[in-house]
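Asker: Okay, handing you the structure first.
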Amino acid sequence: MQCSSAQSVLKVREIPGYGAQVQDHILFLHFKIKDGGEGKNEKVEFLNATSGNGRMKNLAVPVHYPYQIKAVPRYTTSHFEIGITLEHPLFRSVEVASQDGTIAKAEITAREGNLSFRIQEESYMDRIDIYSITPERGEVKIYTLNLKQ
Amino acid sequence: MKKAFTTLFFLLIICKSFAQTFTVDTLYKTGVINNRINVVILGDGFTEEEMPKFRAEAKKFADFFLSYDPYNHYKGYFNFFSISTPSKESGVTNPGTSPDAYPDQPVGKKNTFYSGTFGSSIHRLVTVNYSVVMNVLSSNFPSYDLAVVLVNTKFYGGSGGSIAVHTLHDQAHLIGVHEIGHTFSALNDEYWAGPGYGWEAPNMTQNSNPSTIKWRNWLNSDNIGIYQHGFSGESETWHKPTSGGCLMEVLLRPFCAVCKEATTEKILFFVNPVEKVEPDAEGVTVVGKPQVFKLHLVNPDPNTLSVDWKLDGQLISKAPKEITLSPENLPEFGTLTATIFDSTAMSRRDNAREQRTWTMEWKLQSESPGVFKVEAAADSICAGFETVLTASGCRGTTSWSTGVLGTSLTVKPTTTTAYIASCNVEGRETTTSEISITVLPLPAATATNTGPYFEGAVIELKANGGVTYEWTGPLNFSAKTEQASIQNAKQANAGAYQVKVTDRYGCVAAAITDVRVDPILAVEKSENNFVRVSPNPAKEYIRIETHLPGESTIVFYNANGQQMLKKAFEGKTQVKLTAGTGLYLFRFKNGASESSGKLIIE
Ligand SMILES: [Zn+2]
């Protein structure tokens, strides 16, 4: 199950669940992210991918916490590349609800965590760049997943 | 050489992972996946035996969500599904290490599908393994829009993120609805979450100017105002629409009007209320006979959709579902549009109409295009009647020589009159069409009788002026002839007789004749001298004498036939008539014997 590379190539047509007869595919990508140490970038390990049929609606979950992961699809065409903002698995902010109706935020840090997200597959998408956004280091690219049809 | 290097540099990845498929149950399916918001509910800590319980709980959440304002107005815009993933053990892991752990909750680890667990440092923070959730969604419902995980425990807890997690506790459903407020409607929290948590959202802003603030259309209604999040530091620069009055601040409150508006707009952004149109709007629709144009709409509850049908830009109908167009009412080539707008009061967005108006368009070709013409329901009418004139084939404004605007006109001319309709299309010469309405005079109806009559006589009625006649009168009298007669007249036959006279054009007039029947017998036999009334002329007192045995009656009438006095007697009697001088008639009766006569009072 665990395959890894600093950057890797994913053969889209060999992803489990990829329906060759189907027009629209949604890729589900799973990574492991580890703390790289003081001032260093996170270590990213690609775990696996699965694919499902269909199209996603443009329902972007807003993540505004200063720690974020951004996944940007890169296209061979001039299509607009819209990044997906995701929770940073090592710096999460969660809502804690109470029975009296009050809610508060709690910040949870971890040394390692899983990053899972889905993205609409397009035939002209040739890679996905993954960025880490932190107040300390700003926006840095931490991984590239290359795609091969 | 370079190519080989590249191939070596990358490590090609072919990961073998087996996609697990589970039972996907439909809780509510209102329409196709790509035109609905699809909510998928997962369950953790439900064993194989507890799957019915999981599905019941999933339906309970779906019902709770769909009854929550504003979702309750758009039930038909959502699909709900549940995915049954049985856990080896029932319940949820409880580390029991947090200071706020519930004292009565058993501590222990449970082997569950999504590894659901209460928090180790914040107890009520219940989380699941997100990657496992994504794996299940990937192979069972990849195109989900919202996902919710229900954790099988009655103890309160939950968490947010792109997937909402909460327990079966009565109040925990609200955590799910609050989280969906973030993920679906992009709402921010209305409680102050601390520095760094302020950002522009539909329900949060740094602008405090009442004339430009994003929720300005709600100010001073529905408890909406401009409230600072706090009074120091960053918190005082951020504003919210209510203070303690919204689900995004306090879980026990409903969504505030501003959050309802944002949610409603999101629903209408994702779901097109026009499900299907008939006929297909592709290509050109050739109209050779009356053609129905139909909309299949997803209606909100209450139905706030309004429909405008326009032919070449002119409003022709506001029918909610369908219209029928005939070829003669169309130009040779034209464009029909149906504009659908959700006029919901839940949103007060300034540009709502432009933003969420759905327009369907058909290109039409008429096989027998109409020319401008005027028709009348009847082009000749009897005097005193009205008729309706209708203009058709005008693609602009129709006006009438009477000054009235519109495609139809009701007229009631007293003499034969010509009417002109004008068709005015912008940028074109005005075309006109004329129609003359002939007014027919009513028949000169007359009715007469040959009376007055005595009883027993033959009443003769006579009418004139038409071709057909219809008599009615007392005692249900009816006749359909010009002349009519009634044999053996009785007093009950007296009264008004009406005749409806119809002429050869069908115009009708009525006439009335009054028939009088006097109580005196028309034929008095001389031997019928049964009674003696004396003196005659008399003053007031009158003696009445008969030789017939048994009871007799005598009735006196005045000259107009009105009964003045009635007396029953045997043999002889005396009466006093005080009705004044003049001629009186009397009528005597004893069994079958009758006679009548005249009496003068001086
Ligand atoms: Zn609100």
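Ordering of the structure tokens sets the chain letters (A, B, ...); residue numbers start at 1 within each chain; ligands are numbered from 1 in the order shown.
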With a cut-off of 6 Å and counting only C-alpha atoms, select all residues of chain A in contact with chain B and give the selection as a PDB file with C-alpha atoms, in the first residue's frame.

Answerer:
ATOM      1  CA  SER A   8       6.033  10.895  -8.064  1.00  0.00           C
ATOM      2  CA  VAL A   9       4.183   9.960 -11.191  1.00  0.00           C
ATOM      3  CA  LEU A  10       0.705   8.603 -11.036  1.00  0.00           C
ATOM      4  CA  GLY A  52     -14.671   7.575  -8.549  1.00  0.00           C
ATOM      5  CA  GLY A  54     -18.847  11.834 -11.575  1.00  0.00           C
ATOM      6  CA  ARG A  55     -18.348  15.555 -11.358  1.00  0.00           C
ATOM      7  CA  MET A  56     -17.836  17.651  -8.265  1.00  0.00           C
ATOM      8  CA  VAL A  61     -14.709  24.606   1.747  1.00  0.00           C
ATOM      9  CA  VAL A  96     -15.471  22.592  20.128  1.00  0.00           C
ATOM     10  CA  GLY A 101     -24.826  25.963  22.849  1.00  0.00           C
ATOM     11  CA  THR A 102     -21.528  27.808  23.117  1.00  0.00           C
ATOM     12  CA  LYS A 105     -11.912  27.094  18.787  1.00  0.00           C
ATOM     13  CA  SER A 116      -6.690  13.405   1.939  1.00  0.00           C
TER      14      SER A 116
END

Asker: Taking a cut-off of 6 Å and counting only C-alpha atoms and all ligand atoms, can you build a table that, for each residue of chain B near ligand 1, reports the nearest atom pair and how far apart they are in Å (one decimal), sorted by chain then residue number, as a Markdown table?

Answerer:
| residue | atom | partner | partner_atom_place_in_ligand_line | distance |
| --- | --- | --- | --- | --- |
| B:Asn203 | CA | ligand 1 | 1 (Zn) | 5.7 |
| B:Cys246 | CA | ligand 1 | 1 (Zn) | 4.6 |
| B:Met248 | CA | ligand 1 | 1 (Zn) | 5.3 |
| B:Phe255 | CA | ligand 1 | 1 (Zn) | 5.4 |
| B:Cys256 | CA | ligand 1 | 1 (Zn) | 4.3 |
| B:Val258 | CA | ligand 1 | 1 (Zn) | 5.6 |
| B:Cys259 | CA | ligand 1 | 1 (Zn) | 4.3 |

Asker: Just the residues within 6 Å of region 63-70 of chain A, please, counting only C-alpha atoms, with nothing from its chain fewer than 5 positions along; format it as a ChimeraX atom specification.

Answerer: /A:84-88,130-134

Asker: Restrict the selected residues to all heavy atoms and save them as a CSV table (one decimal), in the first residue's frame.

Answerer:
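Saved result, part.csv, follows:
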chain,number,residue,atom,x,y,z
A,84,ILE,N,-7.0,24.3,-4.4
A,84,ILE,CA,-8.0,23.9,-3.3
A,84,ILE,C,-7.3,24.1,-2.0
A,84,ILE,O,-6.2,23.7,-1.8
A,84,ILE,CB,-8.2,22.3,-3.5
A,84,ILE,CG1,-8.7,22.0,-4.9
A,84,ILE,CG2,-9.2,21.9,-2.4
A,84,ILE,CD1,-8.6,20.5,-5.2
A,85,THR,N,-8.0,24.8,-1.1
A,85,THR,CA,-7.4,25.1,0.2
A,85,THR,C,-7.9,24.0,1.2
A,85,THR,O,-9.0,23.7,1.2
A,85,THR,CB,-7.9,26.5,0.7
A,85,THR,OG1,-7.8,27.4,-0.4
A,85,THR,CG2,-7.1,27.0,1.9
A,86,LEU,N,-6.9,23.5,1.9
A,86,LEU,CA,-7.2,22.4,2.8
A,86,LEU,C,-6.6,22.7,4.2
A,86,LEU,O,-5.7,23.5,4.3
A,86,LEU,CB,-6.5,21.1,2.2
A,86,LEU,CG,-6.9,20.7,0.8
A,86,LEU,CD1,-5.8,19.9,0.2
A,86,LEU,CD2,-8.2,20.0,0.8
A,87,GLU,N,-7.2,22.0,5.1
A,87,GLU,CA,-6.6,22.0,6.5
A,87,GLU,C,-5.2,21.5,6.5
A,87,GLU,O,-4.9,20.5,5.9
A,87,GLU,CB,-7.5,21.1,7.4
A,87,GLU,CG,-8.6,21.8,8.1
A,87,GLU,CD,-9.3,20.8,9.1
A,87,GLU,OE1,-9.0,19.6,9.0
A,87,GLU,OE2,-10.1,21.3,9.8
A,88,HIS,N,-4.4,22.1,7.3
A,88,HIS,CA,-3.0,21.6,7.4
A,88,HIS,C,-3.1,20.5,8.5
A,88,HIS,O,-3.4,20.8,9.7
A,88,HIS,CB,-2.1,22.8,7.8
A,88,HIS,CG,-0.6,22.4,7.6
A,88,HIS,ND1,0.0,21.3,8.2
A,88,HIS,CD2,0.4,23.0,6.9
A,88,HIS,CE1,1.2,21.2,7.8
A,88,HIS,NE2,1.5,22.3,7.1
A,130,ILE,N,1.6,20.8,-4.5
A,130,ILE,CA,1.1,21.0,-3.1
A,130,ILE,C,2.0,22.0,-2.4
A,130,ILE,O,3.2,21.8,-2.4
A,130,ILE,CB,1.0,19.6,-2.4
A,130,ILE,CG1,0.0,18.7,-3.2
A,130,ILE,CG2,0.6,19.7,-0.9
A,130,ILE,CD1,-0.1,17.3,-2.7
A,131,TYR,N,1.3,22.9,-1.8
A,131,TYR,CA,2.0,24.0,-1.1
A,131,TYR,C,1.6,24.0,0.4
A,131,TYR,O,0.5,23.6,0.8
A,131,TYR,CB,1.6,25.4,-1.6
A,131,TYR,CG,1.9,25.6,-3.1
A,131,TYR,CD1,1.1,25.1,-4.1
A,131,TYR,CD2,3.1,26.3,-3.4
A,131,TYR,CE1,1.4,25.3,-5.4
A,131,TYR,CE2,3.4,26.4,-4.8
A,131,TYR,CZ,2.6,25.9,-5.8
A,131,TYR,OH,2.9,26.1,-7.1
A,132,SER,N,2.6,24.4,1.2
A,132,SER,CA,2.3,24.6,2.6
A,132,SER,C,2.3,26.1,2.9
A,132,SER,O,3.2,26.8,2.4
A,132,SER,CB,3.5,23.9,3.4
A,132,SER,OG,3.5,24.4,4.8
A,133,ILE,N,1.3,26.5,3.6
A,133,ILE,CA,1.2,27.9,3.9
A,133,ILE,C,1.3,28.0,5.5
A,133,ILE,O,0.4,27.5,6.1
A,133,ILE,CB,0.0,28.6,3.4
A,133,ILE,CG1,-0.1,28.4,1.8
A,133,ILE,CG2,-0.2,30.0,3.8
A,133,ILE,CD1,-1.4,28.8,1.2
A,134,THR,N,2.3,28.7,6.0
A,134,THR,CA,2.4,28.9,7.4
A,134,THR,C,2.9,30.3,7.6
A,134,THR,O,3.5,30.9,6.8
A,134,THR,CB,3.5,27.9,8.0
A,134,THR,OG1,4.7,28.2,7.4
A,134,THR,CG2,3.1,26.5,7.8

Asker: Tell me, which residues of region 1-195 of chain B carry DSSP alpha helix (DSSP H), written as a PyMOL selection string?

Answerer: chain B and resi 2-9+51-66+130-140+173-183

Asker: So the first atom is CA of Ile544 (chain B) and the second is CA of Lys576 (chain B); what is the distance between them in Å, to one decimal place?

Answerer: 11.0 Å

Asker: Can you tell me which residues surround Gly39 (chain A) at a distance of at most 9 Å, considering only C-alpha atoms, apart from same-chain residues fewer than 3 positions away, and format the answer as a CSV table (one decimal) with N, CA and C atoms, in the first residue's frame?

Answerer:
chain,number,residue,atom,x,y,z
A,36,GLY,N,9.0,18.6,9.3
A,36,GLY,CA,10.4,18.4,8.8
A,36,GLY,C,11.5,18.9,9.8
A,136,GLU,N,5.2,31.2,9.5
A,136,GLU,CA,6.6,31.2,9.7
A,136,GLU,C,7.4,31.2,8.4
A,137,ARG,N,6.9,30.4,7.4
A,137,ARG,CA,7.6,30.2,6.2
A,137,ARG,C,6.9,30.7,4.9

Asker: Neighbours of Glu460 (chain B) within 7 Å (only C-alpha atoms; same-chain residues fewer than 3 positions away dropped), as a PyMOL selection string?

Answerer: chain B and resi 449-450+484-486

Asker: Pick out the residues sitting within 9 Å of Glu107 (chain A), and hand them over as an NGL selection string; count only C-alpha atoms, and ignore anything fewer than 3 positions along from it in its own chain.

Answerer: :A and (91-95)

Asker: Generate a file of the selected residues that holds N, CA and C atoms, formatted as a PDB file, in the first residue's frame.

Answerer:
ATOM      1  N   PHE A  91      -1.285  21.446  11.719  1.00  0.00           N
ATOM      2  CA  PHE A  91      -1.738  22.639  12.463  1.00  0.00           C
ATOM      3  C   PHE A  91      -3.229  22.810  12.212  1.00  0.00           C
ATOM      4  N   ARG A  92      -4.013  22.151  12.990  1.00  0.00           N
ATOM      5  CA  ARG A  92      -5.449  22.201  12.757  1.00  0.00           C
ATOM      6  C   ARG A  92      -6.134  23.094  13.786  1.00  0.00           C
ATOM      7  N   SER A  93      -7.200  23.684  13.317  1.00  0.00           N
ATOM      8  CA  SER A  93      -8.020  24.486  14.210  1.00  0.00           C
ATOM      9  C   SER A  93      -9.392  23.828  14.197  1.00  0.00           C
ATOM     10  N   VAL A  94      -9.888  23.455  15.347  1.00  0.00           N
ATOM     11  CA  VAL A  94     -11.169  22.742  15.378  1.00  0.00           C
ATOM     12  C   VAL A  94     -12.173  23.506  16.230  1.00  0.00           C
ATOM     13  N   GLU A  95     -13.424  23.262  15.955  1.00  0.00           N
ATOM     14  CA  GLU A  95     -14.486  23.885  16.745  1.00  0.00           C
ATOM     15  C   GLU A  95     -14.909  22.913  17.820  1.00  0.00           C
TER      16      GLU A  95
END

Asker: What does the structure give for the distance between CA of Phe588 (chain B) and CA of Leu521 (chain B), in Å to one decimal?

Answerer: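 Separating CA of Phe588 (chain B) from CA of Leu521 (chain B) is a distance of 10.7 Å.
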
Asker: Rank B:Asp104, B:Glu429, B:Glu278, B:Asp518 by their smallest atom-to-atom distance to Ile459 (chain B), using only C-alpha atoms, and report the top residue only.

Answerer: B:Asp518

Asker: So which bits of region 253-462 of chain B end up strand (DSSP E) when you DSSP the backbone, as a PyMOL selection string?

Answerer: chain B and resi 274-278+284-287+291-297+305-311+314-317+322-325+333-342+357-366+373-376+380-382+387-392+397-400+408-411+417-424+431-440+446-449+453-455+459-462

Asker: Could you dump the residues just selected with C-alpha atoms as a CSV table (one decimal), in the first residue's frame?

Answerer:
chain,number,residue,atom,x,y,z
B,274,VAL,CA,-35.7,24.2,-14.3
B,275,GLU,CA,-35.4,20.4,-14.4
B,276,LYS,CA,-36.6,19.9,-18.0
B,277,VAL,CA,-38.5,21.7,-20.7
B,278,GLU,CA,-40.8,20.4,-23.4
B,284,VAL,CA,-35.9,25.4,-34.1
B,285,THR,CA,-39.4,24.4,-33.0
B,286,VAL,CA,-41.7,24.4,-36.0
B,287,VAL,CA,-45.2,25.3,-34.9
B,291,GLN,CA,-48.1,23.7,-29.4
B,292,VAL,CA,-47.7,23.3,-25.6
B,293,PHE,CA,-44.5,24.7,-24.1
B,294,LYS,CA,-43.9,23.1,-20.7
B,295,LEU,CA,-41.6,23.7,-17.8
B,296,HIS,CA,-40.7,21.0,-15.3
B,297,LEU,CA,-39.7,23.0,-12.2
B,305,LEU,CA,-41.0,30.7,-8.4
B,306,SER,CA,-42.4,33.2,-10.8
B,307,VAL,CA,-42.5,32.6,-14.6
B,308,ASP,CA,-42.5,35.2,-17.3
B,309,TRP,CA,-43.3,34.0,-20.9
B,310,LYS,CA,-42.2,36.4,-23.6
B,311,LEU,CA,-42.6,36.2,-27.3
B,314,GLN,CA,-43.3,41.0,-25.2
B,315,LEU,CA,-44.8,39.5,-22.0
B,316,ILE,CA,-47.5,37.1,-23.1
B,317,SER,CA,-48.2,35.0,-20.0
B,322,GLU,CA,-47.1,25.8,-19.5
B,323,ILE,CA,-48.5,27.8,-22.3
B,324,THR,CA,-50.0,26.9,-25.7
B,325,LEU,CA,-49.1,28.8,-28.8
B,333,PHE,CA,-40.0,33.5,-37.0
B,334,GLY,CA,-39.9,34.3,-33.4
B,335,THR,CA,-38.2,33.7,-30.0
B,336,LEU,CA,-40.1,32.4,-27.0
B,337,THR,CA,-38.5,32.8,-23.6
B,338,ALA,CA,-39.5,31.6,-20.2
B,339,THR,CA,-37.8,33.4,-17.4
B,340,ILE,CA,-37.9,31.8,-14.0
B,341,PHE,CA,-37.1,33.8,-10.9
B,342,ASP,CA,-37.2,32.7,-7.3
B,357,THR,CA,-33.0,34.2,-13.1
B,358,TRP,CA,-33.1,31.1,-15.3
B,359,THR,CA,-34.0,31.7,-18.9
B,360,MET,CA,-35.2,29.1,-21.3
B,361,GLU,CA,-35.3,30.0,-25.0
B,362,TRP,CA,-37.1,28.4,-27.9
B,363,LYS,CA,-36.5,29.5,-31.5
B,364,LEU,CA,-39.9,29.3,-33.2
B,365,GLN,CA,-41.0,29.0,-36.8
B,366,SER,CA,-44.7,29.2,-37.6
B,373,LYS,CA,-56.8,40.9,-37.9
B,374,VAL,CA,-59.9,41.6,-35.8
B,375,GLU,CA,-62.6,39.2,-35.1
B,376,ALA,CA,-65.9,39.6,-33.2
B,380,SER,CA,-74.4,41.4,-35.7
B,381,ILE,CA,-76.1,41.9,-32.4
B,382,CYS,CA,-79.6,42.7,-31.2
B,387,THR,CA,-70.0,41.6,-28.1
B,388,VAL,CA,-66.3,41.1,-27.7
B,389,LEU,CA,-63.8,42.1,-30.4
B,390,THR,CA,-60.4,40.3,-30.4
B,391,ALA,CA,-57.3,41.4,-32.3
B,392,SER,CA,-54.7,38.8,-33.1
B,397,THR,CA,-49.3,47.0,-28.8
B,398,THR,CA,-52.9,46.8,-29.9
B,399,SER,CA,-55.1,49.9,-29.5
B,400,TRP,CA,-58.7,50.6,-30.5
B,408,SER,CA,-59.7,42.5,-26.7
B,409,LEU,CA,-62.6,45.0,-26.5
B,410,THR,CA,-66.1,44.6,-25.2
B,411,VAL,CA,-68.6,46.8,-27.1
B,417,THR,CA,-70.8,50.9,-35.8
B,418,ALA,CA,-67.3,50.3,-37.3
B,419,TYR,CA,-64.3,49.7,-34.9
B,420,ILE,CA,-60.7,50.0,-35.9
B,421,ALA,CA,-57.8,48.2,-34.2
B,422,SER,CA,-54.2,49.5,-34.7
B,423,CYS,CA,-51.1,47.4,-34.2
B,424,ASN,CA,-48.1,49.4,-33.2
B,431,THR,CA,-51.1,48.5,-39.3
B,432,THR,CA,-54.9,48.6,-38.8
B,433,SER,CA,-57.8,46.3,-39.1
B,434,GLU,CA,-61.5,47.2,-39.2
B,435,ILE,CA,-64.7,45.5,-38.2
B,436,SER,CA,-68.3,46.6,-38.4
B,437,ILE,CA,-70.8,45.5,-35.9
B,438,THR,CA,-74.4,45.5,-37.2
B,439,VAL,CA,-77.1,46.4,-34.6
B,440,LEU,CA,-80.5,44.8,-35.3
B,446,THR,CA,-97.5,43.4,-28.8
B,447,ALA,CA,-99.9,41.3,-26.6
B,448,THR,CA,-103.7,41.7,-26.3
B,449,ASN,CA,-106.7,39.9,-25.1
B,453,TYR,CA,-114.4,37.9,-19.3
B,454,PHE,CA,-117.1,36.4,-17.2
B,455,GLU,CA,-116.5,33.0,-15.7
B,459,ILE,CA,-110.1,33.8,-23.0
B,460,GLU,CA,-108.4,34.8,-26.3
B,461,LEU,CA,-104.8,36.0,-26.3
B,462,LYS,CA,-103.1,37.5,-29.4
